[in-house]
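Notes follow the structure.
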Amino acid sequence: MKRALLLALAAVVVVLLVLAPLWLNGYLINLLYTTLLYVALAYGWNIISGYAGYFSFGQIAFFGFGAYATALLVADLHWEWILAALAGGVLAAALAVPLGYVMLRLRGPFFAMGMFGMAQMVRVLVTAIPATGSGSGLFLSPDFGVAGVYYWTLAICLGAIGVTIWISRSAFGLRLQALREDEQVAGTLGVDVTRAKISAFVLSALIPGLLGGGYALFLTYIEPDAVFSSRLDLQSIVMAILGGVGTVWGPLVGGVVMTQVSEALWARFPEIYLMIFGGLLVALLLVLPRGIVPALAKRFAAGRKP
Amino acid sequence: MIVLQLVVNGILLGGVLALSALGFNVIFGVMRVVNLAHGDFVVIAAVFCAFMFAQFGINPLLLLPLTIAVGFGAGALVHYALLRRLPAEVASGEAASLTLTFGLSYFLVGAGLTIFGGRFVSVPFLTGAFHIGDLSIPQARLLAFVVAVALSLVFAFVLRSTVLGRALRATSQHLEGALACGIDVDRVRTLAFAIGTAVAAAAGTLMSFLYNLNAQQGVLFTINAFAVVVIGGLGNYTGAVLGALILGLTEEFASYFLGATLAEAAPYLLFILVLLLAPAGILGRRTA
């Protein structure tokens with residue numbers, strides 16, 4: 001009964017999101033797009049860092065890589081934008097195989113900061129290639145419209161949620177959680193640790209890679225700092241953490257709530273936005289260290305007891 | 001000749017990087033916390049000194065006691081009021097402290113921009129240079145180097161020869177052992193964070209006459225400190241000094257031979273290589 005109700009609610013939300021571009025105006029559709037982008041980025045991060053426990057500060061490398069690949073395919077080779085964005089995601093995922101093979105040998109804060117360095121290096125290298133317009137960026141034709149990008153991002157977002165639901169119920173997900181708890185023990189129990197974590201890493205690269213292409217078309221002008229933005233990266237991480245790391249619904253709840261808070265703060269207090277955002281983050285972390293979703297789940301579980 | 005000049009520049013830069021990294025290292029060593037706000041403390045101190053120099057003409061070296069004291073107080077407060085309150089067993093331990101110090105970093109950047117504005121500032125102080133043959137030694141860099149070395153020696157003395165230093169080292173080497181010896185670990189951690197932040201503020205004071213900075217540049221110094229500490233081995237102080245020299249030399253050589261854009265990647269490449277090839281740092285003793 002309750003389950004059917006939730007499913008119906010989810011269906012209504014999806015239908016509303018699909019219909020949204022028909023009647024929403026410019027600002028609201030941009031806000032909706034931004035929300036979906038952050039939610040999907042948070043889901044991408046949640047797979048490698050939430051389920052597999054490899055805390056990464058560098059998934060933005062794949063976002064920027066996808067954005068640049070898409071922009072080049074559209075601007076220089078005149079591909080259809082959907083194909084170009086798809087190719088950008090696939091290329092980012094392909095890049096993640098060798099990178100993951102090397103980087104996933106690091107652990108804990110070493111992996112976290114190593115990935116940060118890796119993202120910076122990818123940014124510098126992309127900037128150094130003349131074909132990308134070096135540091136000055138690339139212009140794209142502005143007539144793609146927001147609607148196409150919006151549907152693209154919505155599809156990836158729903159896909160990311162679907163993949164996460166699958167992970168939470170599959171043997172693959174159990175393998176990831178086993179290696180998060182204790183990699184050596186998981187290995188001795190017969191989990192192919194390397195394969196499991198590289199698979200998770202590739203999934204966590206594919207999602208931002210696909211999103212990056214859409215973002216390039218959304219901006220119509222890309223430059224290194226815009227798509228390899230550590231702010232985008234860190235905010236999506238914060239959203240996943242506040243929602244609940246390694247949970248199915250944490251990135252959704254955290255992403256939706258924090259995007260609205262962040263946008264409202266930005267609109268109202270632009271000059272002290274960073275200060276408030278930072279202070280709020282610290283405060284929320286102290287009040288809800290495990291995130292919103294686990295805290296709610298605990299409360300519901302407690303309420304159900306006779 | 002140019003090589004010699006670059007070596008001199010690299011060593012002078014390395015001295016200041018070492019000081020900043022020592023602060024980062026003491027916090028990691030004692031608390032296992034990667035302090036993402038480290039560079040922001042450095043930069044806030046630097047921007048504050050530049051502001052005081054522009055407004056009142058105060059020599060940044062005279063401000064050193066003040067910035068160190070304020071840094072100490074701020075660090076103690078951050079640990080006592082915030083970090084200490086994180087539950088010990090939050091899923092994937094470092095996630096909570098990384099997030100918290102990241103939030104703190106945002107807060108400091110925002111505060112710095114609000115108070116001091118976004119303009120890049122520095123202290124135009126001792127702009128001349130000594131000349132030895134063809135070699136030129138910028139006076140400001142030399143001064144910063146000398147003060148940084150002196151402060152690092154004070155730091156080393158505290159760590160080696162005082163009761164507090166022994167308690168700090170004991171806590172970072174063996175938590176249970178330290179507890180069993182009756183060390184008030186909670187208090188030691190507060191002091192470690194305070195000392196680490198005070199050292200960051202001191203380094204920032206010296207940075208104020210080396211770099212043009214605004215409050216947003218902190219992440220650069222966080223990365224530098226992290227790179228230095230990784231190269232030397234986390235929690236290893238001798239290694240950190242060596243790591244700082246290596247990083248200083250790498251930065252000078254890379255920016256001369258590769259140009260400013262590619263040189264930006266040099267510290268990252270360096271620390272990823274060290275992480276992969278010598279994960280315990282170049283001295284090979286993992287205390288972490």
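Each chain in the structure tokens gets a letter, A, B and so on, in the order shown; residues start at 1 in every chain, and ligands are counted from 1 in the order they appear.
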Return as a compact mmCIF listing (two decimals) with N, CA and C atoms, in the first residue's frame the residues belonging to chain B that are within 8 Å of chain A, counting only C-alpha atoms.
```
# COMPACT_ATOMS: atom_id res chain seq x y z
N VAL B 34 42.98 15.88 7.33
CA VAL B 34 43.52 16.68 6.24
C VAL B 34 42.77 18.01 6.28
N LEU B 82 34.22 22.84 16.98
CA LEU B 82 33.68 22.14 15.81
C LEU B 82 34.20 20.71 15.67
N ARG B 85 33.48 17.90 18.07
CA ARG B 85 32.11 17.45 18.23
C ARG B 85 31.67 16.44 17.18
N LEU B 86 32.51 16.20 16.18
CA LEU B 86 32.14 15.19 15.20
C LEU B 86 32.16 13.84 15.89
N PRO B 87 31.12 13.04 15.67
CA PRO B 87 31.13 11.70 16.26
C PRO B 87 32.31 10.90 15.70
N VAL B 90 31.71 8.10 12.39
CA VAL B 90 30.91 8.38 11.22
C VAL B 90 31.44 7.54 10.05
N ALA B 91 30.51 7.03 9.23
CA ALA B 91 30.89 6.18 8.11
C ALA B 91 32.03 6.80 7.31
N SER B 92 33.00 6.02 6.94
CA SER B 92 34.23 6.42 6.27
C SER B 92 34.82 7.67 6.92
N GLU B 94 37.27 9.80 7.38
CA GLU B 94 37.79 11.09 6.98
C GLU B 94 36.75 11.96 6.28
N ALA B 95 35.66 11.34 5.81
CA ALA B 95 34.67 12.12 5.07
C ALA B 95 34.16 13.29 5.90
N ALA B 96 33.85 13.04 7.18
CA ALA B 96 33.27 14.09 8.01
C ALA B 96 34.26 15.23 8.22
N THR B 99 34.75 17.21 5.02
CA THR B 99 33.62 18.08 4.74
C THR B 99 33.63 19.29 5.66
N LEU B 100 33.93 19.03 6.93
CA LEU B 100 33.91 20.14 7.88
C LEU B 100 34.97 21.18 7.54
N PHE B 102 36.29 21.63 4.71
CA PHE B 102 35.91 22.25 3.44
C PHE B 102 34.91 23.38 3.66
N GLY B 103 33.92 23.14 4.53
CA GLY B 103 32.95 24.19 4.86
C GLY B 103 33.65 25.37 5.50
N LEU B 104 34.59 25.07 6.36
CA LEU B 104 35.37 26.11 7.03
C LEU B 104 36.15 26.93 6.00
N SER B 105 36.68 26.22 4.99
CA SER B 105 37.42 26.90 3.94
C SER B 105 36.54 27.90 3.19
N TYR B 106 35.34 27.45 2.82
CA TYR B 106 34.38 28.36 2.18
C TYR B 106 34.11 29.57 3.05
N PHE B 107 33.90 29.29 4.34
CA PHE B 107 33.59 30.37 5.29
C PHE B 107 34.73 31.39 5.31
N LEU B 108 35.96 30.91 5.38
CA LEU B 108 37.11 31.82 5.45
C LEU B 108 37.28 32.62 4.16
N VAL B 109 37.09 31.93 3.01
CA VAL B 109 37.20 32.65 1.74
C VAL B 109 36.15 33.76 1.70
N GLY B 110 34.91 33.39 2.07
CA GLY B 110 33.83 34.38 2.06
C GLY B 110 34.12 35.53 3.00
N ALA B 111 34.59 35.21 4.21
CA ALA B 111 34.89 36.25 5.19
C ALA B 111 36.01 37.14 4.67
N THR B 114 34.77 39.43 1.96
CA THR B 114 33.87 40.46 2.49
C THR B 114 34.67 41.55 3.20
N THR B 261 51.74 28.02 -17.65
CA THR B 261 50.56 27.16 -17.71
C THR B 261 50.90 25.73 -17.33
N LEU B 262 51.88 25.16 -18.01
CA LEU B 262 52.24 23.76 -17.73
C LEU B 262 52.85 23.61 -16.35
N GLU B 264 51.93 24.88 -13.72
CA GLU B 264 50.86 24.71 -12.74
C GLU B 264 50.65 23.24 -12.41
N ALA B 265 50.87 22.36 -13.40
CA ALA B 265 50.64 20.94 -13.20
C ALA B 265 51.77 20.27 -12.45
N TYR B 268 51.26 18.87 -8.85
CA TYR B 268 50.32 17.74 -8.85
C TYR B 268 50.99 16.48 -9.37
N LEU B 269 51.69 16.65 -10.50
CA LEU B 269 52.37 15.50 -11.09
C LEU B 269 53.36 14.92 -10.08
N PHE B 271 53.36 15.10 -6.79
CA PHE B 271 52.84 14.37 -5.62
C PHE B 271 52.11 13.11 -6.02
N ILE B 272 51.52 13.06 -7.22
CA ILE B 272 50.89 11.81 -7.65
C ILE B 272 51.97 10.75 -7.89
N LEU B 275 53.16 9.56 -4.56
CA LEU B 275 52.15 8.69 -3.94
C LEU B 275 52.20 7.29 -4.52
N LEU B 276 52.38 7.22 -5.84
CA LEU B 276 52.33 5.92 -6.49
C LEU B 276 53.63 5.14 -6.34
```
Exercise. Please give the complete set of residues from segment 31-253 of chain B that DSSP, run on the backbone, assigns to alpha helix (DSSP H), formatted as a PyMOL selection string.
Key: chain B and resi 31+38-56+60-81+94-116+139-161+163-173+175-180+185-207+218-232+237-253
Quiz item: Skipping near chain neighbours, those fewer than 4 positions away, what residues fall within 8 Å of Ser97 of chain B using only C-alpha atoms, listed as a PyMOL selection string?
Solution: chain B and resi 33-35+83+86+93+101
Exercise. Fewer than 2 positions away in the same chain doesn't count, so skip those; otherwise give me all residues within 7 Å of Pro60 of chain B, counting only C-alpha atoms, as a PyMOL selection string.
Key: chain B and resi 49+58+62-64+205
Practice problem: Within segment 84-255 of chain A, find each residue whose DSSP state, derived from the backbone, is strand (DSSP E or B), and express the selection as a PyMOL selection string. | Solution: chain A and resi 138-139+221-222
Self-check item: segment 69-77 of chain B environment, 8 Å, only C-alpha atoms, sequence neighbours closer than 4 positions dropped, as a ChimeraX atom specification
Solution: /B:41,65,81-82,190-191,193-201
Distance query Leu203 of chain A at most 12 Å, only C-alpha atoms, self and fewer than 3 positions along chain excluded, as a PDB file with C-alpha atoms, in the first residue's frame:
```
ATOM      1  CA  LEU A  41      26.584  14.741 -10.171  1.00  0.00           C
ATOM      2  CA  TYR A  43      24.696  10.344  -7.688  1.00  0.00           C
ATOM      3  CA  GLY A  44      27.777   9.864  -9.853  1.00  0.00           C
ATOM      4  CA  TRP A  45      30.070  10.658  -6.925  1.00  0.00           C
ATOM      5  CA  ASN A  46      28.054   8.485  -4.541  1.00  0.00           C
ATOM      6  CA  ILE A  47      28.918   5.264  -6.397  1.00  0.00           C
ATOM      7  CA  ILE A  48      32.702   5.365  -6.037  1.00  0.00           C
ATOM      8  CA  SER A  49      32.805   7.394  -2.835  1.00  0.00           C
ATOM      9  CA  TYR A  51      29.268   2.688  -1.956  1.00  0.00           C
ATOM     10  CA  ALA A  52      32.906   1.815  -2.615  1.00  0.00           C
ATOM     11  CA  GLN A  59      35.325  13.435 -10.550  1.00  0.00           C
ATOM     12  CA  PHE A  62      35.428  13.578 -16.254  1.00  0.00           C
ATOM     13  CA  GLY A  89      30.459  10.413 -21.771  1.00  0.00           C
ATOM     14  CA  VAL A  90      31.824   7.238 -23.340  1.00  0.00           C
ATOM     15  CA  ALA A  92      35.282   9.980 -20.199  1.00  0.00           C
ATOM     16  CA  ALA A  93      34.393   6.463 -19.069  1.00  0.00           C
ATOM     17  CA  ALA A  94      37.149   5.041 -21.289  1.00  0.00           C
ATOM     18  CA  LEU A  95      39.633   7.476 -19.748  1.00  0.00           C
ATOM     19  CA  ALA A  96      38.546   6.265 -16.312  1.00  0.00           C
ATOM     20  CA  VAL A  97      39.759   2.700 -16.947  1.00  0.00           C
ATOM     21  CA  GLY A 100      41.248   4.071 -12.122  1.00  0.00           C
ATOM     22  CA  GLY A 159      19.384   6.775 -15.180  1.00  0.00           C
ATOM     23  CA  ALA A 160      21.762   7.521 -12.312  1.00  0.00           C
ATOM     24  CA  VAL A 163      21.726   2.496 -11.496  1.00  0.00           C
ATOM     25  CA  THR A 164      21.986   3.348  -7.795  1.00  0.00           C
ATOM     26  CA  ILE A 167      23.573  -1.248  -7.056  1.00  0.00           C
ATOM     27  CA  ALA A 196      34.761  -4.119  -8.569  1.00  0.00           C
ATOM     28  CA  LYS A 197      36.312  -0.777  -7.705  1.00  0.00           C
ATOM     29  CA  ILE A 198      37.340   0.006 -11.266  1.00  0.00           C
ATOM     30  CA  SER A 199      33.786  -0.753 -12.423  1.00  0.00           C
ATOM     31  CA  ALA A 200      32.448   1.612  -9.776  1.00  0.00           C
ATOM     32  CA  LEU A 206      30.402   7.985 -17.113  1.00  0.00           C
ATOM     33  CA  ILE A 207      27.709  10.000 -15.315  1.00  0.00           C
ATOM     34  CA  PRO A 208      29.653  13.305 -15.071  1.00  0.00           C
ATOM     35  CA  GLY A 209      31.073  12.658 -18.547  1.00  0.00           C
ATOM     36  CA  LEU A 210      27.567  12.529 -20.013  1.00  0.00           C
TER      37      LEU A 210
END
```
Quiz prompt | Polymer residues at most 8 Å from segment 68-84 of chain A, only C-alpha atoms, same-chain spacing of 6 or more positions, as a list in words | solution =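 My list of contacting residues is Leu91, Thr132, Leu138, Phe139, Leu140, Ser141, Gly212, Gly213, Ala216, Leu217 and Ile222 of chain A.
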Practice problem: Using atom CA of Val43 of chain B and atom CA of Val126 of chain A as the two end points, give the distance in Å to one decimal. | Solution: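 Going from atom CA of Val43 of chain B over to atom CA of Val126 of chain A, I get 28.1 Å.
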Practice problem: Could you tell me which of A:Gly190, A:Gly291, A:Gly214, A:Pro98 comes closest to Gly64 of chain A if we count only C-alpha atoms? | Solution: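 Closest residue, counting only C-alpha atoms: A:Gly214.
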Quiz prompt | Top pick for closest residue to Leu142 of chain B, considering B:Val8, B:Val185, B:Leu22, B:Ala244 and counting only C-alpha atoms | solution =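 Selected residue with least distance to Leu142 of chain B: B:Val8.
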Quiz prompt | Nearest residue to Phe48 of chain B from the set B:Asn214, B:Ser20, B:Ser172, B:Thr238 (distances using only C-alpha atoms) | solution =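 Result for the nearest residue to Phe48 of chain B: B:Asn214.
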